[in-house]
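structure-v4.txt (compact mmCIF, C-alpha atoms)
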# COMPACT_ATOMS: atom_id res chain seq x y z
CA MET O 26 86.31 98.73 85.56
CA ILE O 27 89.26 99.68 87.73
CA PRO O 28 92.20 101.32 85.95
CA LEU O 29 95.58 99.60 86.26
CA SER O 30 97.13 102.79 87.65
CA TRP O 31 95.04 102.48 90.84
CA TYR O 32 96.66 99.16 91.60
CA MET O 33 100.11 100.54 90.81
CA VAL O 34 99.58 103.56 93.08
CA LEU O 35 98.41 101.29 95.92
CA ALA O 36 101.40 98.97 95.43
CA THR O 37 103.79 101.93 95.41
CA ILE O 38 102.35 103.32 98.64
CA LEU O 39 102.53 99.90 100.30
CA PHE O 40 106.15 99.47 99.11
CA SER O 41 107.11 102.87 100.52
CA ILE O 42 105.50 102.03 103.86
CA GLY O 43 107.53 98.80 103.86
CA ILE O 44 110.75 100.75 103.19
CA TYR O 45 109.82 103.20 105.96
CA GLY O 46 109.22 100.39 108.45
CA PHE O 47 112.46 98.65 107.49
CA LEU O 48 114.48 101.83 107.97
CA VAL O 49 112.98 103.21 111.18
CA ARG O 50 112.19 100.23 113.43
CA ARG O 51 114.72 98.91 115.96
CA ASN O 52 113.13 95.51 116.40
CA ILE O 53 114.56 93.07 113.85
CA ILE O 54 111.33 91.02 113.76
CA ILE O 55 109.31 94.08 112.69
CA MET O 56 111.99 94.79 110.09
CA PHE O 57 111.37 91.34 108.61
CA LEU O 58 107.64 92.07 108.70
CA SER O 59 108.30 95.23 106.65
CA ILE O 60 110.11 93.09 104.07
CA GLU O 61 106.93 91.01 103.83
CA LEU O 62 104.98 94.23 103.19
CA MET O 63 107.33 95.10 100.33
CA LEU O 64 107.04 91.60 98.84
CA ASN O 65 103.26 91.89 98.99
CA ALA O 66 103.36 95.24 97.20
CA VAL O 67 105.39 93.65 94.38
CA ASN O 68 103.02 90.68 94.26
CA LEU O 69 100.01 92.98 93.95
CA ASN O 70 101.70 94.83 91.09
CA LEU O 71 102.55 91.59 89.28
CA VAL O 72 99.05 90.13 89.60
CA ALA O 73 97.40 93.37 88.48
CA MET O 74 99.68 93.69 85.45
CA SER O 75 99.24 90.07 84.42
CA HIS O 76 95.46 90.53 84.66
CA TYR O 77 95.52 93.60 82.43
CA LEU O 78 97.98 91.98 80.00
CA ASP O 79 95.78 88.85 79.55
CA SER O 80 98.74 86.78 80.65
CA LEU O 81 99.55 84.36 83.46
CA ARG O 82 103.29 85.04 83.69
CA GLY O 83 102.99 87.58 86.49
CA GLN O 84 100.77 85.27 88.48
CA SER O 85 103.18 82.33 88.12
CA PHE O 86 105.94 84.68 89.23
CA THR O 87 103.83 85.67 92.24
CA LEU O 88 103.58 82.01 93.21
CA PHE O 89 107.39 81.74 93.14
CA ILE O 90 107.72 84.96 95.17
CA ILE O 91 105.38 83.53 97.82
CA THR O 92 107.58 80.38 97.93
CA VAL O 93 110.73 82.44 98.35
CA ALA O 94 109.00 84.58 101.01
CA ALA O 95 108.14 81.45 103.00
CA ALA O 96 111.75 80.24 102.75
CA GLU O 97 113.04 83.70 103.67
CA ALA O 98 110.78 83.88 106.73
CA ALA O 99 111.93 80.44 107.95
CA ILE O 100 115.66 81.20 107.47
CA GLY O 101 115.42 84.80 108.66
CA LEU O 102 113.56 83.93 111.84
CA GLY O 103 116.05 81.09 112.46
CA LEU O 104 118.80 83.71 112.22
CA VAL O 105 116.90 85.91 114.70
CA ILE O 106 116.71 82.97 117.14
CA VAL O 107 120.47 82.35 116.83
CA LEU O 108 121.12 86.09 117.28
CA PHE O 109 118.95 86.20 120.40
CA ARG O 110 120.69 83.12 121.82
CA ASN O 111 124.12 84.73 121.39
CA LYS O 112 123.45 88.42 122.09
CA LYS O 113 120.22 88.36 124.17
CA THR O 114 118.76 91.21 122.11
CA VAL O 115 116.54 91.74 119.06
CA TYR O 116 117.39 95.43 118.64
CA VAL O 117 119.53 96.24 115.62
CA ASP O 118 121.28 99.18 117.31
CA HIS O 119 122.63 96.86 120.01
CA ILE O 120 124.30 94.72 117.35
CA ASN O 121 127.31 96.94 116.57
CA GLU O 122 130.29 94.62 116.88
CA LEU O 123 131.62 95.57 113.44
CA LYS O 124 131.55 99.30 114.29
CA GLY O 125 135.14 100.55 114.61
CA MET J 22 81.07 100.74 90.18
CA ILE J 23 80.75 98.14 92.92
CA SER J 24 84.19 96.74 92.10
CA GLN J 25 85.66 100.24 92.40
CA LEU J 26 84.08 100.63 95.83
CA ILE J 27 85.48 97.26 96.89
CA PHE J 28 88.90 98.29 95.61
CA LEU J 29 88.77 101.59 97.51
CA TYR J 30 87.74 99.81 100.72
CA CYS J 31 90.57 97.25 100.37
CA ALA J 32 93.09 99.98 99.52
CA LEU J 33 92.06 102.06 102.53
CA VAL J 34 92.33 99.09 104.89
CA ILE J 35 95.67 97.98 103.37
CA ILE J 36 97.30 101.41 103.71
CA SER J 37 95.99 102.05 107.22
CA THR J 38 96.93 98.60 108.55
CA ALA J 39 100.39 98.87 106.95
CA LEU J 40 100.95 102.23 108.64
CA LEU J 41 99.67 100.86 111.94
CA ALA J 42 101.93 97.79 111.61
CA VAL J 43 105.08 99.86 111.32
CA ARG J 44 104.05 102.27 114.10
CA PHE J 45 102.54 100.10 116.85
CA HIS J 46 104.52 99.89 120.09
CA ASN J 47 103.43 96.32 120.70
CA PRO J 48 104.86 93.93 118.08
CA VAL J 49 101.97 91.48 118.56
CA TYR J 50 99.58 94.21 117.39
CA SER J 51 101.87 94.80 114.39
CA VAL J 52 101.70 91.15 113.38
CA LEU J 53 97.92 91.07 113.81
CA SER J 54 97.42 94.19 111.68
CA VAL J 55 99.60 92.63 108.98
CA LEU J 56 97.25 89.64 109.18
CA VAL J 57 94.31 91.95 108.32
CA LEU J 58 96.41 93.42 105.50
CA PHE J 59 97.06 89.97 104.00
CA PHE J 60 93.35 89.17 104.01
CA HIS J 61 92.57 92.37 102.13
CA ILE J 62 95.32 91.71 99.60
CA ALA J 63 93.67 88.33 99.04
CA GLY J 64 90.45 90.27 98.45
CA LEU J 65 92.18 92.33 95.76
CA TYR J 66 93.44 89.11 94.13
CA LEU J 67 89.83 87.91 94.00
CA LEU J 68 88.92 91.22 92.34
CA LEU J 69 91.63 90.48 89.73
CA ASN J 70 90.21 87.00 88.94
CA ALA J 71 93.09 85.18 90.68
CA GLU J 72 91.22 82.87 93.06
CA PHE J 73 94.07 80.37 93.40
CA LEU J 74 96.53 83.06 94.41
CA ALA J 75 94.03 84.47 96.91
CA ALA J 76 93.77 81.03 98.54
CA ILE J 77 97.57 80.65 98.51
CA GLN J 78 97.93 84.11 100.02
CA ILE J 79 95.66 83.22 102.94
CA ILE J 80 97.07 79.70 103.45
CA VAL J 81 100.78 80.48 103.15
CA TYR J 82 101.03 84.08 104.38
CA ALA J 83 98.28 84.30 106.97
CA GLY J 84 98.38 80.65 108.03
CA GLY J 85 102.09 79.90 107.81
CA ILE J 86 104.42 82.87 107.81
CA LEU J 87 102.56 85.03 110.34
CA ILE J 88 102.25 82.13 112.81
CA LEU J 89 106.03 81.74 112.52
CA TYR J 90 106.42 85.45 113.30
CA LEU J 91 104.14 85.16 116.32
CA PHE J 92 106.17 82.24 117.68
CA VAL J 93 109.48 84.08 117.29
CA LEU J 94 107.89 87.16 118.88
CA PHE J 95 107.68 85.23 122.15
CA LEU J 96 111.44 85.88 122.42
CA VAL J 97 110.86 89.59 122.96
CA ASN J 98 110.27 91.01 126.41
CA LEU J 99 106.95 92.71 125.64
CA ARG J 100 106.90 94.98 128.71
CA GLN J 101 110.33 96.36 127.87
CA GLU J 102 109.33 96.66 124.21
CA ILE J 103 106.21 98.71 125.02
CA LYS J 104 108.05 101.08 127.36
CA GLY J 105 111.23 101.45 125.31
CA GLN J 106 112.12 103.35 122.17
CA ARG J 107 110.73 101.70 119.04
CA PHE J 108 112.66 103.70 116.40
CA VAL J 109 116.37 103.90 115.60
CA ALA J 110 118.33 107.07 116.36
CA HIS J 111 118.15 108.73 112.92
CA HIS J 112 114.57 107.86 112.08
CA ARG J 113 113.63 111.32 110.77
CA LEU J 114 116.20 111.02 107.97
CA SER J 115 114.81 107.57 107.12
CA THR J 116 111.28 108.98 107.00
CA VAL J 117 112.38 111.66 104.53
CA VAL J 118 114.20 109.07 102.40
CA SER J 119 111.17 106.77 102.22
CA ILE J 120 108.79 109.63 101.40
CA ILE J 121 111.10 110.86 98.61
CA LEU J 122 111.37 107.32 97.23
CA GLY J 123 107.59 106.87 97.30
CA LEU J 124 106.95 110.20 95.58
CA SER J 125 109.51 109.51 92.86
CA LEU J 126 108.00 106.06 92.22
CA LEU J 127 104.54 107.65 92.01
CA ALA J 128 105.89 110.22 89.54
CA ILE J 129 107.12 107.42 87.25
CA ILE J 130 103.74 105.63 87.05
CA PRO J 131 102.10 107.87 84.35
CA TYR J 132 104.93 106.97 81.94
CA PHE J 133 104.19 103.25 82.20
CA LYS J 134 102.98 101.58 78.99
CA LEU J 135 101.49 98.11 78.80
CA GLY J 136 103.34 95.60 76.63
CA ALA J 137 101.99 93.04 74.18
CA LYS J 138 98.92 91.06 75.25
CA GLY J 139 99.34 87.43 76.24
CA ASN J 140 97.19 84.47 75.30
CA TYR J 141 95.17 84.08 78.51
CA PRO J 142 92.23 86.54 78.35
CA VAL J 143 89.79 86.63 81.27
CA ALA J 144 87.16 84.63 79.38
CA ARG J 145 89.61 81.77 78.73
CA ILE J 146 90.78 81.73 82.36
CA GLU J 147 87.16 81.68 83.54
CA GLN J 148 86.37 78.83 81.17
CA LEU J 149 89.42 76.78 82.28
CA THR J 150 89.14 77.88 85.94
CA HIS J 151 92.06 79.84 87.34
CA THR J 152 93.73 76.90 89.09
CA LYS J 153 93.84 74.81 85.93
CA ALA J 154 95.08 77.69 83.78
CA LEU J 155 97.86 78.49 86.27
CA GLY J 156 98.74 74.79 86.49
CA LEU J 157 99.00 74.51 82.70
CA GLU J 158 101.29 77.53 82.63
CA LEU J 159 103.40 76.29 85.57
CA TYR J 160 103.89 72.76 84.28
CA SER J 161 104.74 73.77 80.71
CA THR J 162 106.48 77.16 80.48
CA PHE J 163 107.74 77.42 84.05
CA ILE J 164 108.63 73.81 84.82
CA LEU J 165 112.30 74.55 85.67
CA PRO J 166 111.56 77.45 88.06
CA PHE J 167 108.87 75.25 89.62
CA GLU J 168 111.44 72.55 90.39
CA LEU J 169 113.84 75.21 91.68
CA ALA J 170 111.12 76.49 94.02
CA GLY J 171 110.92 72.99 95.49
CA LEU J 172 114.71 73.01 95.95
CA ILE J 173 114.51 76.41 97.70
CA LEU J 174 111.89 75.02 100.09
CA LEU J 175 114.17 72.03 100.85
CA ILE J 176 117.06 74.40 101.57
CA ALA J 177 114.77 76.44 103.83
CA VAL J 178 113.77 73.33 105.79
CA ILE J 179 117.39 72.19 106.26
CA GLY J 180 118.62 75.73 106.96
CA GLY J 181 115.91 76.35 109.54
CA LEU J 182 116.72 73.07 111.31
CA VAL J 183 120.47 73.76 111.34
CA LEU J 184 120.08 77.37 112.51
CA ALA J 185 117.58 76.73 115.29
CA ARG J 186 119.45 73.68 116.65
CA ASN J 187 120.67 74.02 120.23
CA ASP J 188 124.47 73.76 120.31
CA LYS J 189 124.81 73.79 124.12
CA ASP J 190 125.28 70.05 124.68
CA ASP J 191 126.89 69.32 121.35
CA THR J 192 128.99 66.15 121.54
CA ALA J 193 131.20 67.13 118.57
CA ASN J 194 132.99 69.77 120.68
CA ASP J 195 133.62 67.28 123.48
CA VAL J 196 135.14 64.81 121.04
CA SER J 197 137.44 67.42 119.55
CA ASP J 198 138.41 68.62 123.04
CA SER J 199 139.28 65.10 124.16
CA THR J 200 141.34 64.46 121.01
CA ALA J 201 143.13 67.78 121.53
CA THR J 202 144.03 66.85 125.13
CA ALA J 203 145.14 63.40 123.98
CA ILE J 204 147.40 64.95 121.33
CA SER J 205 148.91 67.39 123.83
CA GLU J 206 149.57 64.52 126.28
CA VAL J 207 151.30 62.55 123.52
CA GLN J 208 153.45 65.59 122.71
CA LYS J 209 154.50 65.84 126.36
Could you take the file, read its structure, and then write that structure out as structure tokens?
Amino acid sequence: MIPLSWYMVLATILFSIGIYGFLVRRNIIIMFLSIELMLNAVNLNLVAMSHYLDSLRGQSFTLFIITVAAAEAAIGLGLVIVLFRNKKTVYVDHINELKG
Amino acid sequence: MISQLIFLYCALVIISTALLAVRFHNPVYSVLSVLVLFFHIAGLYLLLNAEFLAAIQIIVYAGGILILYLFVLFLVNLRQEIKGQRFVAHHRLSTVVSIILGLSLLAIIPYFKLGAKGNYPVARIEQLTHTKALGLELYSTFILPFELAGLILLIAVIGGLVLARNDKDDTANDVSDSTATAISEVQK
């Protein structure tokens, strides 16, 4: 039997790697990919907890998170396409119009 | 014992592919390593008796979202991406911040206490099959969020269409231009 804390430790490490990737990468597409990593870490936590709590709430919630992740990917990548059409770049440090 | 070994294998692959995904120079390699990661997360879902979610994970994440990422990745000039700098200017500070956040989250975990047990033990889910149990829960307790999820998907479809539309030969601008010139001629 696997203890619940193993799953939580794994989810925490995956979440931190997602945060790291979001903060350090220049490419906005890889930043979105890091957001997917973080969402997956949360999903793993929810499924593990709902398994150990004999409940299905966490798993239903995971289904909704996957839905929202699909919507987020479609909208976010559409935004990236619009950004590339206007600025001809996908690097976040080239997008500094608001900087005074 | 065997399940622990499977968990350790999946955890090892998940952590290493996640690290590789955020560190690869080539973004196509990043997306492909995240693909491996999603498959192993589906494996962990199977270990947790959530077959339906494992299937959804592979169908939606690996089959849908990652293909979308690969298509958008064709925008990037890969040669320039491989040669150029892949991190932002102050990436050492960001590394320290993420490590501190991870360690503090890990420090909280021992204080976690499980709440009250629900009414779906593993035996009942196995008897109903996971898909049916999840469907019963979704269509009774979570019917309103389920409908809202459909609405969110509709918004995503419309939003994606509107955002990715090509505005170059838009006729609306021409019409407004012609009316503006007509108005200015009338004023003269």
Who sits within 10 Å of range 50-59 of chain O, only C-alpha atoms, same chain under 6 positions skipped, as a PyMOL selection string: (chain O and resi 39-44+65+97-98+101-102+105+114-119) or (chain J and resi 39+42-45+48-49+51-52+55+86-87+90-91+93-94+97+102+106-110+112)
Test item: chain O residues at most 6 Å from chain J, counting all atoms listed in the file, as JSON, numbers by chain: {"O": [27, 41, 45, 46, 48, 49, 50, 51, 78, 79, 80, 96, 99, 100, 103]}
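Taking CA of Ser85 in chain O and CA of Ile164 in chain J as the two end points, the separation is 10.6 Å.
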Point-to-point distance from CA of Gln148 in chain J to CA of Glu72 in chain J, Å rounded to tenths: 13.5 Å
Contact residues around range 66-68 of chain O with all atoms listed in the file at 8 Å, ignoring same-chain residues under 2 positions, as JSON, numbers by chain: {"O": [35, 36, 37, 39, 40, 62, 63, 64, 70, 71, 72, 87, 90]}
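Nearest residue to Thr92 in chain O among J:Ile80, J:Arg100, J:Tyr160, J:Ser54 is J:Ile80, counting only C-alpha atoms.
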Box along x, y and z, 3 Å on every side, all listed atoms of range 130-133 of chain J inside: centre and edge lengths in Å to one decimal, as lines of an AutoDock Vina configuration file.
center_x = 103.5
center_y = 105.6
center_z = 84.5
size_x = 8.8
size_y = 10.6
size_z = 11.1
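With distances restricted to all atoms listed in the file, J:Ile129 is the closest residue to Val34 in chain O from J:Leu67, J:Leu56, J:Lys104, J:Ile129.
From CA of Leu53 in chain J back to CA of Tyr30 in chain J, the distance works out to 18.7 Å.
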Residue among O:Phe47, O:Arg110, O:Leu69, O:Ser30 lying closest to Gln84 in chain O, counting only C-alpha atoms: O:Leu69
Which residue of O:Trp31, O:Ala95, O:Gly83, O:Ile38 approaches Ile88 in chain J most closely, using all atoms listed in the file: O:Ala95
Within 8 Å of Leu29 in chain O using only C-alpha atoms, minus same-chain residues under 2 positions, as a VMD selection string: chain O and resid 27 31 to 33 73 to 74 77
Create the file for the chosen residues now, containing C-alpha atoms and written as a tab-separated table (two decimals), keeping the file's coordinate frame.
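Result file part-v8.tsv:
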chain	number	residue	atom	x	y	z
O	27	ILE	CA	89.26	99.68	87.73
O	31	TRP	CA	95.04	102.48	90.84
O	32	TYR	CA	96.66	99.16	91.60
O	33	MET	CA	100.11	100.54	90.81
O	73	ALA	CA	97.40	93.37	88.48
O	74	MET	CA	99.68	93.69	85.45
O	77	TYR	CA	95.52	93.60	82.43
